[in-house]
Amino acid sequence: MRDLAGAPVSWFGSVRTFTWRRSQRHRPGLQYLVSTGRHHGFESLEEARLLMVLDFAAAVVDVLAQPVRLKFATSSGWRKHIPDFLAVTRRGVWLIDVRPRALLDEQTRISFAAAAEAALAAGWHYVVVAGWRAHVETTLGTLSSQRRPLSDPLGLRPGLLEAAADGGATFGELAERSDVPAVARAQLLHLLWHRRLGIDLAEPLTDRSTVVLQGDLR
């Protein structure tokens with residue numbers, strides 16, 4: 001694993017292919033990430049949500065699905081485990097497993113413990129995503145609706161960015177300062193998704209949410 005950590009992620013490939021059968025619970029698909037400019041594979045809605053969060057909040061450089069196959073010994077014999085994602089971000093490399101909290105049984109915990117040890121040896125972070133606060137999914141769904149290219153024929157963006165730079169303004173206040181608040185709201189969502197503006201995901205997105213300029217993000 002220490003040697004693997006020195007290899008560029010661009011050299012990696014998924015260790016197995018995605019499959020779909022009518023009898024399985026997984027539903028594979030492709031999620032487009034603005035951060036990387038391409039589609040990334042997922043096998044469940046939970047994994048798709050994770051990709052959306054990474055795209056918005058994680059300063060992502062690259063993401064690889066099913067990056068390594070781990071083989072490890074347990075008291076009951078040898079086992080194998082394939083973590084779900086390897087995410088390269090500007091704040092470090094993360095090995096990630098996705099499993100709904102209700103499905104976290106003892107055998108799964110053993111596999112995740114092995115993945116955590118492998119990440120430690122490679123100098124990576126490791127995290128298990130077992131669920132999200134309800135408002136996080138709602139907020140990111142709202143923001144992602146404006147992630148595709150959006151024109152600004154009314155020239156609202158410079159004024160919105162200038163107003164946000166003054167500090168302390170809320171989402172609702174910024175929208176209402178425009179002559180066309182409804183259009184300004186769409187432009188604000190676009191600017192938020194593309195990280196030119198920022199909000200605190202610890203709270204739901206409402207008109208009372210404080211909006212900050214990108215340079216003020218922490």
# chains A, B, ... in the order shown; residues from 1 in each chain; ligands from 1
$ residues_around --residues "Gln146 (chain A)" --least-positions-apart "2" --cutoff "7 Å" --atoms "only C-alpha atoms" --output "ChimeraX atom specification"
/A:143-144,148,186,189-190
$ residues_around --residues "Leu205 (chain A)" --least-positions-apart "3" --cutoff "9 Å" --atoms "only C-alpha atoms" --output "ChimeraX atom specification"
/A:135-136,138-139,142,171,199-201,208-209
$ closest_residue --among "A:His125, A:Arg196, A:Arg177, A:Arg49" --to "Trp94 (chain A)" --atoms "only C-alpha atoms"
A:His125
$ closest_atom_pairs --of "region 70-90 of chain A" --to "region 30-38 of chain A" --cutoff "12 Å" --atoms "only C-alpha atoms" --output "Markdown table"
| residue | atom | partner | partner_atom | distance |
| --- | --- | --- | --- | --- |
| A:Ala87 | CA | A:Thr36 | CA | 11.2 |
| A:Val88 | CA | A:Thr36 | CA | 10.7 |
| A:Thr89 | CA | A:Ser35 | CA | 10.1 |
| A:Arg90 | CA | A:Ser35 | CA | 11.5 |
$ write_last_selection --atoms "N, CA, C and O atoms" --output "PDB file, in the first residue's frame"
ATOM      1  N   ALA A  87     -10.835   9.344  -3.648  1.00  0.00           N
ATOM      2  CA  ALA A  87     -11.035  10.743  -4.035  1.00  0.00           C
ATOM      3  C   ALA A  87      -9.763  11.539  -3.762  1.00  0.00           C
ATOM      4  O   ALA A  87      -9.290  11.589  -2.624  1.00  0.00           O
ATOM      5  N   VAL A  88      -9.219  12.148  -4.809  1.00  0.00           N
ATOM      6  CA  VAL A  88      -8.065  13.026  -4.668  1.00  0.00           C
ATOM      7  C   VAL A  88      -8.592  14.453  -4.575  1.00  0.00           C
ATOM      8  O   VAL A  88      -9.264  14.937  -5.483  1.00  0.00           O
ATOM      9  N   THR A  89      -8.304  15.120  -3.467  1.00  0.00           N
ATOM     10  CA  THR A  89      -8.761  16.485  -3.260  1.00  0.00           C
ATOM     11  C   THR A  89      -7.566  17.382  -2.955  1.00  0.00           C
ATOM     12  O   THR A  89      -6.457  16.905  -2.718  1.00  0.00           O
ATOM     13  N   ARG A  90      -7.810  18.669  -2.940  1.00  0.00           N
ATOM     14  CA  ARG A  90      -6.738  19.606  -2.613  1.00  0.00           C
ATOM     15  C   ARG A  90      -6.382  19.555  -1.134  1.00  0.00           C
ATOM     16  O   ARG A  90      -5.412  20.170  -0.707  1.00  0.00           O
TER      17      ARG A  90
END
$ closest_residue --among "A:Ala102, A:Val211, A:Ala113, A:Leu150" --to "Ala175 (chain A)" --atoms "only C-alpha atoms"
A:Val211
$ residues_around --residues "Ala130 (chain A)" --least-positions-apart "3" --cutoff "8 Å" --atoms "only C-alpha atoms" --output "PyMOL selection string"
chain A and resi 98-101
$ write_last_selection --atoms "N, CA and C atoms" --output "PDB file, in the first residue's frame"
ATOM      1  N   VAL A  98     -19.105   3.407   1.112  1.00  0.00           N
ATOM      2  CA  VAL A  98     -20.474   3.898   1.251  1.00  0.00           C
ATOM      3  C   VAL A  98     -21.364   2.725   1.655  1.00  0.00           C
ATOM      4  N   ARG A  99     -22.036   2.851   2.784  1.00  0.00           N
ATOM      5  CA  ARG A  99     -22.942   1.787   3.237  1.00  0.00           C
ATOM      6  C   ARG A  99     -24.014   2.398   4.131  1.00  0.00           C
ATOM      7  N   PRO A 100     -25.302   2.274   3.789  1.00  0.00           N
ATOM      8  CA  PRO A 100     -26.358   2.794   4.668  1.00  0.00           C
ATOM      9  C   PRO A 100     -26.206   2.250   6.081  1.00  0.00           C
ATOM     10  N   ARG A 101     -26.477   3.084   7.055  1.00  0.00           N
ATOM     11  CA  ARG A 101     -26.264   2.715   8.459  1.00  0.00           C
ATOM     12  C   ARG A 101     -26.958   1.411   8.822  1.00  0.00           C
TER      13      ARG A 101
END
$ atom_distance --atom1 "CA of Val129 (chain A)" --atom2 "CA of Asp97 (chain A)"
6.2 Å
$ select_by_dssp --residues "region 16-195 of chain A" --states "alpha helix (DSSP H)" --output "PyMOL selection string"
chain A and resi 45-57+106-122+134-144+157-165+171-176+181-193
